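Everything below belongs to start15.cif, which stores mmCIF, C-alpha atoms.
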data_my_file
loop_
_atom_site.label_atom_id
_atom_site.label_comp_id
_atom_site.auth_asym_id
_atom_site.auth_seq_id
_atom_site.Cartn_x
_atom_site.Cartn_y
_atom_site.Cartn_z
CA MET A 13 91.41 71.21 94.34
CA ASN A 14 94.55 72.79 93.05
CA PHE A 15 94.71 76.45 92.19
CA ASP A 16 97.38 76.97 89.60
CA GLN A 17 97.88 80.36 88.00
CA ARG A 18 95.32 79.74 85.28
CA THR A 19 92.64 78.48 87.65
CA THR A 20 93.17 81.41 90.00
CA ARG A 21 92.94 83.80 87.13
CA GLU A 22 89.82 82.25 85.73
CA MET A 23 88.02 82.24 89.06
CA ILE A 24 88.80 85.88 89.76
CA GLN A 25 87.78 86.72 86.22
CA ALA A 26 84.49 84.89 86.71
CA ILE A 27 83.73 86.82 89.88
CA ALA A 28 84.72 90.14 88.34
CA ASP A 29 82.72 89.54 85.17
CA THR A 30 79.62 88.68 87.18
CA VAL A 31 79.84 91.80 89.33
CA ILE A 32 80.71 94.12 86.46
CA GLY A 33 77.94 92.62 84.37
CA SER A 34 75.42 93.31 87.12
CA ALA A 35 76.63 96.80 87.95
CA GLY A 36 73.54 98.40 86.46
CA GLU A 37 71.17 96.19 88.44
CA LEU A 38 73.11 96.80 91.66
CA THR A 39 72.99 100.54 91.11
CA GLU A 40 69.23 100.40 90.60
CA LEU A 41 68.75 98.42 93.81
CA ASP A 42 70.89 101.00 95.55
CA ARG A 43 68.92 103.85 94.06
CA ALA A 44 65.82 102.53 95.82
CA ILE A 45 67.30 102.37 99.31
CA GLY A 46 70.77 103.86 99.16
CA ASP A 47 72.71 106.47 97.28
CA ALA A 48 72.79 104.73 93.92
CA ASP A 49 76.48 103.95 93.89
CA HIS A 50 76.83 100.31 94.94
CA GLY A 51 77.09 98.99 91.38
CA VAL A 52 79.35 101.80 90.24
CA ASN A 53 81.65 101.38 93.21
CA LEU A 54 81.98 97.60 92.92
CA GLU A 55 82.48 97.90 89.18
CA ARG A 56 85.36 100.30 89.73
CA GLY A 57 86.90 97.93 92.26
CA PHE A 58 86.65 94.82 90.14
CA LYS A 59 87.94 96.62 87.09
CA ALA A 60 90.95 97.62 89.17
CA VAL A 61 91.34 93.95 90.09
CA LEU A 62 91.19 92.92 86.44
CA ALA A 63 93.78 95.56 85.58
CA LYS A 64 96.26 93.67 87.74
CA ILE A 65 94.96 90.15 87.19
CA ASP A 66 98.29 88.95 85.79
CA ALA A 67 100.21 89.92 88.91
CA ILE A 68 97.44 88.74 91.22
CA SER A 69 97.02 85.29 89.67
CA ALA A 70 100.76 84.69 89.59
CA ARG A 71 100.53 84.34 93.36
CA PRO A 72 99.28 81.35 95.31
CA ILE A 73 95.51 81.47 95.81
CA ASN A 74 95.69 82.78 99.37
CA ASP A 75 97.91 85.72 98.47
CA ALA A 76 95.84 86.31 95.36
CA LEU A 77 92.63 86.62 97.40
CA ASN A 78 94.40 88.91 99.86
CA GLU A 79 95.52 91.11 97.00
CA VAL A 80 92.01 91.17 95.53
CA GLY A 81 90.83 92.34 98.96
CA ARG A 82 93.46 95.05 99.21
CA THR A 83 92.60 96.32 95.75
CA LEU A 84 88.92 96.50 96.61
CA ILE A 85 89.64 98.41 99.83
CA LEU A 86 91.66 100.96 97.92
CA THR A 87 89.33 101.49 94.99
CA VAL A 88 85.71 100.69 95.79
CA GLY A 89 84.99 103.42 98.29
CA GLY A 90 81.91 103.85 100.44
CA ALA A 91 81.09 101.30 103.08
CA SER A 92 81.30 98.32 100.69
CA GLY A 93 84.95 98.87 99.88
CA PRO A 94 86.29 97.97 103.29
CA LEU A 95 83.63 95.24 103.71
CA TYR A 96 84.22 93.40 100.44
CA GLY A 97 87.91 94.08 100.71
CA LYS A 98 88.09 92.52 104.14
CA LEU A 99 85.95 89.59 103.00
CA PHE A 100 88.44 88.56 100.33
CA ALA A 101 91.56 89.56 102.26
CA THR A 102 90.56 87.73 105.43
CA ILE A 103 89.67 84.54 103.57
CA GLY A 104 93.02 84.72 101.81
CA GLN A 105 94.90 85.36 105.03
CA HIS A 106 93.33 82.34 106.75
CA LEU A 107 94.04 79.86 103.97
CA THR A 108 97.48 79.32 105.36
CA ASP A 109 98.34 76.40 103.09
CA PRO A 110 97.29 77.18 99.54
CA ASP A 111 98.09 73.65 98.41
CA GLU A 112 95.87 72.02 101.03
CA LEU A 113 92.44 73.51 100.54
CA THR A 114 90.24 71.21 102.52
CA LYS A 115 86.60 72.02 103.10
CA GLU A 116 87.31 72.52 106.79
CA ARG A 117 89.99 75.09 106.10
CA VAL A 118 87.83 76.95 103.65
CA VAL A 119 84.93 76.96 106.12
CA ASN A 120 87.22 78.24 108.84
CA ALA A 121 88.58 81.00 106.61
CA CYS A 122 85.04 82.08 105.72
CA GLU A 123 84.05 82.06 109.39
CA GLN A 124 86.95 84.35 110.20
CA ALA A 125 85.97 86.66 107.39
CA ILE A 126 82.35 86.84 108.51
CA SER A 127 83.47 87.59 112.04
CA VAL A 128 85.59 90.48 110.76
CA LEU A 129 82.66 91.80 108.74
CA LYS A 130 80.38 91.67 111.76
CA THR A 131 82.84 93.72 113.78
CA LEU A 132 83.70 96.14 111.00
CA GLY A 133 80.10 96.78 110.04
CA ARG A 134 78.87 96.52 113.64
CA SER A 135 76.24 94.28 112.21
CA ASP A 136 74.69 90.81 112.24
CA VAL A 137 72.09 88.76 110.40
CA GLY A 138 68.68 90.39 110.30
CA HIS A 139 70.02 93.88 109.66
CA LYS A 140 69.43 93.62 105.93
CA THR A 141 73.04 93.48 104.78
CA MET A 142 75.45 91.23 102.90
CA LEU A 143 75.64 89.12 106.06
CA ASP A 144 72.08 87.94 105.42
CA VAL A 145 73.41 86.09 102.39
CA LEU A 146 76.94 85.21 103.50
CA VAL A 147 75.97 83.58 106.78
CA PRO A 148 73.34 81.20 105.33
CA ALA A 149 75.64 80.43 102.40
CA LEU A 150 78.37 79.43 104.84
CA ASP A 151 75.90 77.26 106.77
CA GLN A 152 75.10 75.52 103.51
CA LEU A 153 78.81 75.05 102.79
CA ARG A 154 79.30 73.37 106.16
CA ALA A 155 76.54 70.91 105.29
CA ALA A 156 77.92 70.27 101.82
CA ASP A 157 79.60 67.05 100.78
CA GLY A 158 80.79 66.80 97.25
CA ALA A 159 80.58 68.86 94.12
CA SER A 160 76.84 68.43 93.69
CA SER A 161 76.28 70.37 96.89
CA LEU A 162 77.75 73.50 95.36
CA SER A 163 74.55 74.30 93.52
CA ASN A 164 72.73 74.07 96.86
CA ILE A 165 74.93 76.83 98.17
CA GLY A 166 74.10 79.01 95.20
CA GLU A 167 70.40 78.35 95.65
CA ARG A 168 70.59 79.11 99.35
CA ALA A 169 72.35 82.40 98.60
CA HIS A 170 69.68 83.29 96.08
CA ALA A 171 66.85 82.53 98.49
CA ALA A 172 68.62 84.46 101.25
CA ALA A 173 68.92 87.54 99.07
CA LEU A 174 65.19 87.38 98.36
CA GLU A 175 64.53 87.11 102.08
CA THR A 176 66.05 90.55 102.56
CA VAL A 177 63.26 92.15 100.54
CA PRO A 178 60.74 92.50 103.38
CA MET A 179 63.37 93.34 106.00
CA ILE A 180 63.79 96.76 107.53
CA ALA A 181 67.36 97.97 107.11
CA ARG A 182 69.27 98.46 110.33
CA ARG A 183 72.60 99.44 108.84
CA GLY A 184 73.97 101.72 106.20
CA ARG A 185 72.21 104.45 104.29
CA ALA A 186 69.10 102.32 103.95
CA SER A 187 68.64 102.36 107.71
CA PHE A 188 67.67 106.03 107.51
CA LEU A 189 64.62 105.01 105.51
CA GLY A 190 63.16 102.83 108.23
CA GLU A 191 59.89 101.32 107.03
CA ARG A 192 60.48 102.57 103.51
CA SER A 193 63.43 100.19 103.17
CA ARG A 194 60.95 97.31 103.14
CA GLY A 195 60.03 95.86 99.81
CA HIS A 196 63.47 96.29 98.25
CA MET A 197 66.29 93.77 98.06
CA ASP A 198 69.42 94.91 99.84
CA PRO A 199 72.05 95.74 97.20
CA GLY A 200 74.86 94.27 99.35
CA ALA A 201 72.85 91.07 99.73
CA ARG A 202 72.42 90.88 95.97
CA SER A 203 76.10 91.52 95.23
CA SER A 204 77.05 88.86 97.80
CA GLU A 205 74.66 86.43 96.18
CA LEU A 206 76.22 87.13 92.80
CA ILE A 207 79.73 86.55 94.08
CA VAL A 208 78.81 83.35 95.93
CA THR A 209 77.00 81.89 92.93
CA ALA A 210 79.82 82.87 90.58
CA VAL A 211 82.31 81.01 92.77
CA CYS A 212 80.05 77.98 93.12
CA ARG A 213 79.39 77.75 89.38
CA PHE A 214 83.10 78.06 88.71
CA LEU A 215 84.07 75.33 91.17
CA GLU A 216 81.26 73.00 90.18
CA ALA A 217 82.53 72.93 86.62
CA ARG A 218 85.99 71.95 87.76
CA LEU A 219 85.55 69.58 90.70
CA MET B 21 112.57 118.00 108.42
CA GLY B 22 113.14 114.27 108.24
CA LYS B 23 112.90 113.99 111.98
CA ASN B 24 109.77 116.05 112.48
CA VAL B 25 106.45 114.29 112.87
CA GLY B 26 104.42 114.35 109.65
CA ILE B 27 100.87 115.68 109.30
CA VAL B 28 98.23 114.23 106.97
CA ILE B 29 95.00 116.19 106.51
CA VAL B 30 91.94 114.20 105.39
CA SER B 31 88.69 115.97 104.67
CA HIS B 32 85.56 114.86 102.85
CA SER B 33 86.24 117.90 100.68
CA PRO B 34 89.51 118.21 98.73
CA ASP B 35 89.12 121.99 98.87
CA VAL B 36 88.96 121.96 102.66
CA ALA B 37 91.95 119.63 102.91
CA LYS B 38 94.03 121.71 100.52
CA GLY B 39 92.99 124.94 102.22
CA ALA B 40 93.91 123.63 105.64
CA ALA B 41 97.27 122.47 104.28
CA ASP B 42 97.88 125.89 102.71
CA MET B 43 97.20 127.54 106.05
CA VAL B 44 99.60 125.22 107.82
CA ARG B 45 102.34 125.95 105.28
CA GLN B 46 101.78 129.68 105.49
CA MET B 47 101.65 129.89 109.24
CA VAL B 48 104.10 127.27 110.34
CA GLY B 49 106.52 126.94 107.48
CA THR B 50 107.77 124.04 105.45
CA ASN B 51 109.91 122.06 107.84
CA VAL B 52 107.08 119.70 108.71
CA PRO B 53 106.22 116.81 106.33
CA LEU B 54 102.68 117.53 105.19
CA ALA B 55 100.17 115.97 102.81
CA TRP B 56 96.45 116.30 102.22
CA CYS B 57 93.61 114.52 100.49
CA GLY B 58 89.86 114.66 100.11
CA GLY B 59 87.05 113.27 97.98
CA ASN B 60 85.91 109.69 97.36
CA PRO B 61 86.99 107.38 94.51
CA ALA B 62 83.98 108.51 92.45
CA GLY B 63 85.13 112.14 92.69
CA GLY B 64 82.41 113.29 95.09
CA LEU B 65 82.54 114.44 98.70
CA GLY B 66 83.92 111.67 100.85
CA THR B 67 87.22 109.98 101.50
CA SER B 68 89.34 107.42 99.71
CA VAL B 69 91.51 104.80 101.35
CA GLU B 70 93.88 104.89 98.41
CA ALA B 71 94.33 108.66 98.61
CA ILE B 72 94.99 108.46 102.35
CA VAL B 73 97.60 105.74 101.80
CA LYS B 74 99.34 107.95 99.22
CA ALA B 75 99.23 110.93 101.56
CA LEU B 76 100.73 108.83 104.36
CA GLU B 77 103.56 107.82 102.07
CA LEU B 78 104.19 111.43 101.05
CA ALA B 79 104.20 112.76 104.59
CA TRP B 80 105.98 109.81 106.12
CA SER B 81 108.56 110.49 108.80
CA ASP B 82 110.43 108.07 111.02
CA ALA B 83 109.16 110.16 113.93
CA GLY B 84 105.62 109.16 112.95
CA VAL B 85 102.56 110.78 111.40
CA VAL B 86 99.33 112.24 112.76
CA ILE B 87 96.18 112.15 110.65
CA MET B 88 93.70 115.03 111.05
CA VAL B 89 90.16 114.11 109.98
CA ASP B 90 86.94 116.04 109.65
CA MET B 91 84.17 113.52 110.29
CA GLY B 92 83.37 109.90 110.97
CA GLY B 93 83.97 108.42 107.55
CA ALA B 94 87.36 110.04 107.33
CA GLU B 95 88.34 108.36 110.56
CA THR B 96 87.18 104.90 109.41
CA ASN B 97 88.94 105.11 106.09
CA SER B 98 92.04 106.49 107.79
CA GLU B 99 92.10 103.41 109.98
CA MET B 100 91.72 101.24 106.88
CA ALA B 101 94.62 103.09 105.33
CA ILE B 102 96.80 102.46 108.37
CA GLU B 103 96.10 98.74 108.00
CA MET B 104 97.36 98.91 104.44
CA MET B 105 100.71 100.35 105.52
CA PRO B 106 103.76 98.17 106.20
CA GLU B 107 103.45 96.64 109.64
CA ARG B 108 106.44 98.41 111.18
CA ARG B 109 104.94 101.81 110.31
CA ARG B 110 101.47 101.20 111.74
CA PRO B 111 102.21 101.92 115.42
CA LYS B 112 103.65 105.29 114.43
CA ILE B 113 100.48 106.58 112.79
CA ILE B 114 97.78 108.16 114.92
CA VAL B 115 94.34 109.41 113.90
CA CYS B 116 93.64 112.53 115.96
CA ASN B 117 90.43 113.91 117.36
CA GLY B 118 90.79 117.66 116.87
CA PRO B 119 89.38 120.44 114.67
CA ILE B 120 90.79 119.98 111.23
CA VAL B 121 92.15 123.50 110.70
CA GLU B 122 93.19 124.59 114.17
CA GLY B 123 94.32 121.11 115.14
CA SER B 124 96.50 120.81 112.03
CA VAL B 125 98.09 124.20 112.68
CA MET B 126 98.72 123.37 116.33
CA ALA B 127 100.06 119.92 115.54
CA ALA B 128 102.37 121.34 112.88
CA THR B 129 103.59 124.04 115.24
CA GLU B 130 104.45 121.41 117.80
CA SER B 131 106.08 119.18 115.19
CA SER B 132 108.19 122.04 113.82
CA SER B 133 109.95 122.22 117.18
CA GLY B 134 110.89 118.56 116.97
CA ALA B 135 108.25 117.26 119.37
CA THR B 136 107.51 113.56 119.80
CA LEU B 137 104.53 111.90 118.16
CA ASP B 138 102.61 111.88 121.44
CA ARG B 139 103.21 115.59 122.04
CA VAL B 140 102.06 116.38 118.53
CA ARG B 141 98.91 114.31 119.05
CA ARG B 142 98.16 116.15 122.28
CA ALA B 143 98.55 119.49 120.54
CA ALA B 144 96.21 118.34 117.75
CA GLU B 145 93.55 117.29 120.28
CA GLU B 146 93.97 120.06 122.82
CA LEU B 147 90.99 122.14 121.73
CA TYR B 148 88.61 119.18 121.95
CA SER B 149 89.94 118.03 125.26
CA ARG B 150 89.15 121.09 127.34
CA MET C 4 109.56 120.19 128.41
CA THR C 5 108.36 122.12 131.38
CA SER C 6 105.14 123.99 131.41
CA GLY C 7 105.03 124.87 135.01
CA ARG C 8 102.87 127.17 136.97
CA ILE C 9 104.65 129.96 138.75
CA LYS C 10 104.70 129.31 142.46
CA VAL C 11 103.27 132.15 144.47
CA GLY C 12 106.15 134.21 145.83
CA SER C 13 108.83 132.58 143.74
CA VAL C 14 111.51 134.78 142.30
CA LEU C 15 111.76 134.51 138.58
CA ARG C 16 115.19 134.51 137.08
CA ALA C 17 114.43 136.68 134.09
CA ARG C 18 111.83 139.05 132.76
CA SER C 19 111.29 141.36 129.87
CA GLN C 20 108.51 143.46 128.49
CA VAL C 21 107.72 144.91 125.12
CA VAL C 22 104.91 146.66 123.30
CA LEU C 23 103.17 144.64 120.62
CA THR C 24 103.20 146.90 117.59
CA HIS C 25 102.19 144.16 115.19
CA GLU C 26 99.01 145.07 113.36
CA GLY C 27 96.26 142.63 114.12
CA GLY C 28 97.71 141.87 117.52
CA LEU C 29 99.01 138.43 118.38
CA HIS C 30 96.99 136.52 115.83
CA ALA C 31 97.85 133.08 114.46
CA ARG C 32 101.07 133.52 112.57
CA PRO C 33 102.94 135.73 115.03
CA ALA C 34 101.62 133.58 117.87
CA ILE C 35 103.09 130.53 116.21
CA LYS C 36 106.47 132.21 115.71
CA LEU C 37 106.48 133.27 119.32
CA THR C 38 105.69 129.74 120.49
CA GLN C 39 108.27 128.19 118.20
CA LEU C 40 110.91 130.55 119.57
CA ALA C 41 109.91 129.89 123.18
CA LYS C 42 110.23 126.14 122.59
CA ARG C 43 113.86 126.54 121.61
CA PHE C 44 114.78 127.27 125.18
CA ASP C 45 115.09 124.71 127.94
CA SER C 46 113.71 127.14 130.50
CA ALA C 47 110.05 127.33 131.37
CA VAL C 48 108.75 130.44 129.66
CA TRP C 49 105.62 132.46 130.36
CA ILE C 50 103.79 135.37 128.79
CA ALA C 51 101.27 137.77 130.34
CA LEU C 52 99.38 140.94 129.58
CA ALA C 53 100.06 142.45 133.00
CA GLU C 54 103.12 142.65 135.18
CA ARG C 55 101.71 140.28 137.76
CA GLY C 56 100.19 137.89 135.32
CA PRO C 57 98.10 135.76 134.93
CA TRP C 58 100.98 133.91 133.35
CA ILE C 59 100.46 131.72 130.36
CA ASP C 60 102.75 128.98 129.11
CA ALA C 61 104.46 130.54 126.09
CA LYS C 62 105.22 127.12 124.67
CA SER C 63 101.54 126.23 124.32
CA ILE C 64 100.23 127.45 121.01
CA ALA C 65 96.63 126.89 122.06
CA ARG C 66 97.03 129.05 125.13
CA VAL C 67 98.98 131.79 123.40
CA MET C 68 96.43 132.04 120.59
CA ALA C 69 93.60 132.08 123.11
CA MET C 70 95.06 135.22 124.70
CA LYS C 71 93.77 137.34 121.82
CA THR C 72 96.30 140.00 122.51
CA PRO C 73 95.40 143.27 120.83
CA HIS C 74 97.59 145.67 118.89
CA MET C 75 99.64 147.97 121.16
CA ALA C 76 99.25 145.80 124.26
CA THR C 77 102.31 145.39 126.46
CA LEU C 78 103.59 141.85 126.64
CA TYR C 79 105.46 140.58 129.67
CA PHE C 80 107.77 137.60 129.48
CA ALA C 81 109.15 135.59 132.34
CA ALA C 82 111.38 132.57 132.39
CA GLU C 83 113.05 130.20 134.81
CA GLY C 84 115.96 127.95 134.00
CA GLU C 85 119.52 127.92 132.70
CA ASP C 86 118.83 129.96 129.60
CA ALA C 87 116.11 132.14 131.10
CA ASP C 88 117.78 135.46 130.28
CA GLU C 89 118.32 134.48 126.67
CA ALA C 90 114.72 133.36 126.45
CA THR C 91 113.15 136.55 127.71
CA SER C 92 115.38 138.81 125.64
CA ALA C 93 114.94 136.75 122.50
CA LEU C 94 111.18 136.86 122.83
CA ALA C 95 111.19 140.61 123.42
CA ARG C 96 113.42 141.07 120.36
CA LEU C 97 111.08 138.98 118.25
CA VAL C 98 108.13 141.18 119.17
CA GLU C 99 110.16 144.37 118.74
CA SER C 100 111.22 143.32 115.27
CA ASP C 101 107.57 142.86 114.42
CA PHE C 102 108.04 139.11 114.02
CA ALA C 103 110.55 139.41 111.21
CA ASP C 104 111.50 136.04 109.77
CA GLY C 105 114.49 134.54 111.51
CA GLY C 106 115.28 132.71 108.27
CA ASP C 107 116.07 129.43 109.92
CA GLU C 108 112.74 127.74 110.32
CA GLY C 109 113.15 125.93 107.05
CA GLY C 110 112.23 126.94 103.51
#
Would you mind writing the file's structure down as structure tokens?
Amino acid sequence: MNFDQRTTREMIQAIADTVIGSAGELTELDRAIGDADHGVNLERGFKAVLAKIDAISARPINDALNEVGRTLILTVGGASGPLYGKLFATIGQHLTDPDELTKERVVNACEQAISVLKTLGRSDVGHKTMLDVLVPALDQLRAADGASSLSNIGERAHAAALETVPMIARRGRASFLGERSRGHMDPGARSSELIVTAVCRFLEARL
Amino acid sequence: MGKNVGIVIVSHSPDVAKGAADMVRQMVGTNVPLAWCGGNPAGGLGTSVEAIVKALELAWSDAGVVIMVDMGGAETNSEMAIEMMPERRRPKIIVCNGPIVEGSVMAATESSSGATLDRVRRAAEELYSR
Amino acid sequence: MTSGRIKVGSVLRARSQVVLTHEGGLHARPAIKLTQLAKRFDSAVWIALAERGPWIDAKSIARVMAMKTPHMATLYFAAEGEDADEATSALARLVESDFADGGDEGG
């Protein structure tokens, strides 16, 4: 698939619109087991991305993703800023040839990004974090073959986010709540689900 | 001044950061590049990678820069900020483990005499290393 | 930079002494000026509250501030090196002048 300026722009717009549109929901999730700023923070970050969307999308897709990441690191704040920032930036940095986006290269870039997130957040699956959605989604991507598989990835991400509901949080502010963190979806898992499904929907319509 | 090591003060509170910077200016003088920041992007207590990056640019010196922090989050975001700097500058920026007021004053004193980056770091950390 | 310990029995090249008339004793700002001045000299420089010491490295701001020298204490300076005499007299003059601004430490 070829990412020209318009395609890059539209994909980033789709992601941003989804996150900004769900800011209220994300804040409410975070109110239950965090400090009620996840939605607000991500909204600020993606609005900052949209403010420079022209400059960002003028670049090849790898640089564009890196720049999205940098913008998020600078503007989101909290723990999610560096995490989401590194997610986008690392994927961008590992897509060394923006004109040759094979599935293998995309999978590899995502693996690198997840590895960085695990180190940065000192975390892994089962801790009730964004990783509990990103890791299964990547597994589903590896198994995918063809455009029709994209909706499987979205479904997997959705199911994975729901699976965080009964978990006890082991990281972040929610981890201070212990048992009381059960019964609530992790806000980072939900925002990851939203981003993954936004990307999948976008690609499915164009592949 | 261009050759003296710069000092960046990062506190979760902008008032604390500004106050510490005021004390450094008053006690040590103005021949040391100095910048401060505090508060998160939402305007509450916390730290902001963007603000730290700007402070690093303001206090930049070819001799290097030390970053004084007050607590964990400030250190993490300071490290993020270092990663956002141009690659050739990164090795010359050090996050120090010292008390934010006394360490800044001691680091600035050392820097004002033209000390190297490592000497300035040691001065910043001296009180915590005894 | 040398921050040496004085060897027992060694003869120090230069010494001076002066009464600290500065109100508030040797608190932060005067301590910093003293340290900055001491650092200008190549010699090793020491400060003490008694003629025989214990001697403290005058170029270490942490150590000088930790002395908590009170108002009207007598300060003893010692130095060893090429510019030792200049060092000890400059430091004594600084204290005598009540830490007046030298005017050349930058704006």
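When all atoms listed in the file are used to compute distances to chain B, the closest of the residues A:Val208, A:Leu86, A:Ile126, A:Ala217 turns out to be A:Leu86.
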Could you please select, counting only C-alpha atoms, the residues of chain C within 9 Å of chain B and state them as JSON, numbers by chain? {"C": [31, 32, 33, 35, 36, 38, 39, 40, 42, 43, 62, 63, 64, 65, 108, 109, 110]}
Residues selected by the PyMOL selection byres ((chain A) within 10 of (chain B)), written as a list in words: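 For this structure, the PyMOL selection byres ((chain A) within 10 of (chain B)) captures Asp49, Val52, Asn53, Arg56, Gly57, Arg82, Thr83, Leu84, Ile85, Leu86, Thr87, Val88, Gly89, Gly90, Ala91, Gly93, Pro94, Lys98 and Leu132 of chain A.
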Report as JSON, numbers by chain the residues that result from applying the PyMOL selection byres ((chain B and resi 86-90) around 8) to the structure here. {"B": [25, 26, 27, 28, 29, 30, 31, 32, 84, 85, 91, 92, 94, 95, 98, 113, 114, 115, 116, 117, 118, 119, 120, 123, 124, 137, 140, 141, 144]}
Smallest atom-to-atom distance to A:Glu55: which of A:Pro72, A:Gly81, A:Gly33, A:Gly104, using all atoms listed in the file?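 Among the listed residues, the smallest separation from A:Glu55 belongs to A:Gly33.
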I need the output of the PyMOL selection byres ((chain A and resi 30) around 12) for this file as a PyMOL selection string; which residues are they? chain A and resi 23-29+31-38+51+54-55+58-59+202-211+213-214
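Relative to atom CA of A:Glu123, atom CA of A:Val147 is found at 8.6 Å.
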For atom CA of C:Thr91 and atom CA of B:Asn24, determine how far apart the two atoms are, in Å to one decimal place.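 Between atom CA of C:Thr91 and atom CA of B:Asn24 the gap is 25.8 Å.
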Mind giving me the straight-line distance from atom CA of C:Ala17 to atom CA of B:Thr136 in Å, one decimal?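 Calculated distance between atom CA of C:Ala17 and atom CA of B:Thr136 is 28.0 Å.
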C:Met68 environment, 8 Å, all atoms listed in the file, sequence neighbours closer than 5 positions dropped, as a list of chain:residue names: C:Leu29, C:His30, C:Ala31, C:Ala34
Quick one: everything within 7 Å of stretch 156-164 of chain A, counting all atoms listed in the file, minus sequence neighbours fewer than 2 positions away in the same chain. Send it as JSON, numbers by chain. {"A": [152, 153, 154, 166, 167, 168, 212, 216, 219]}
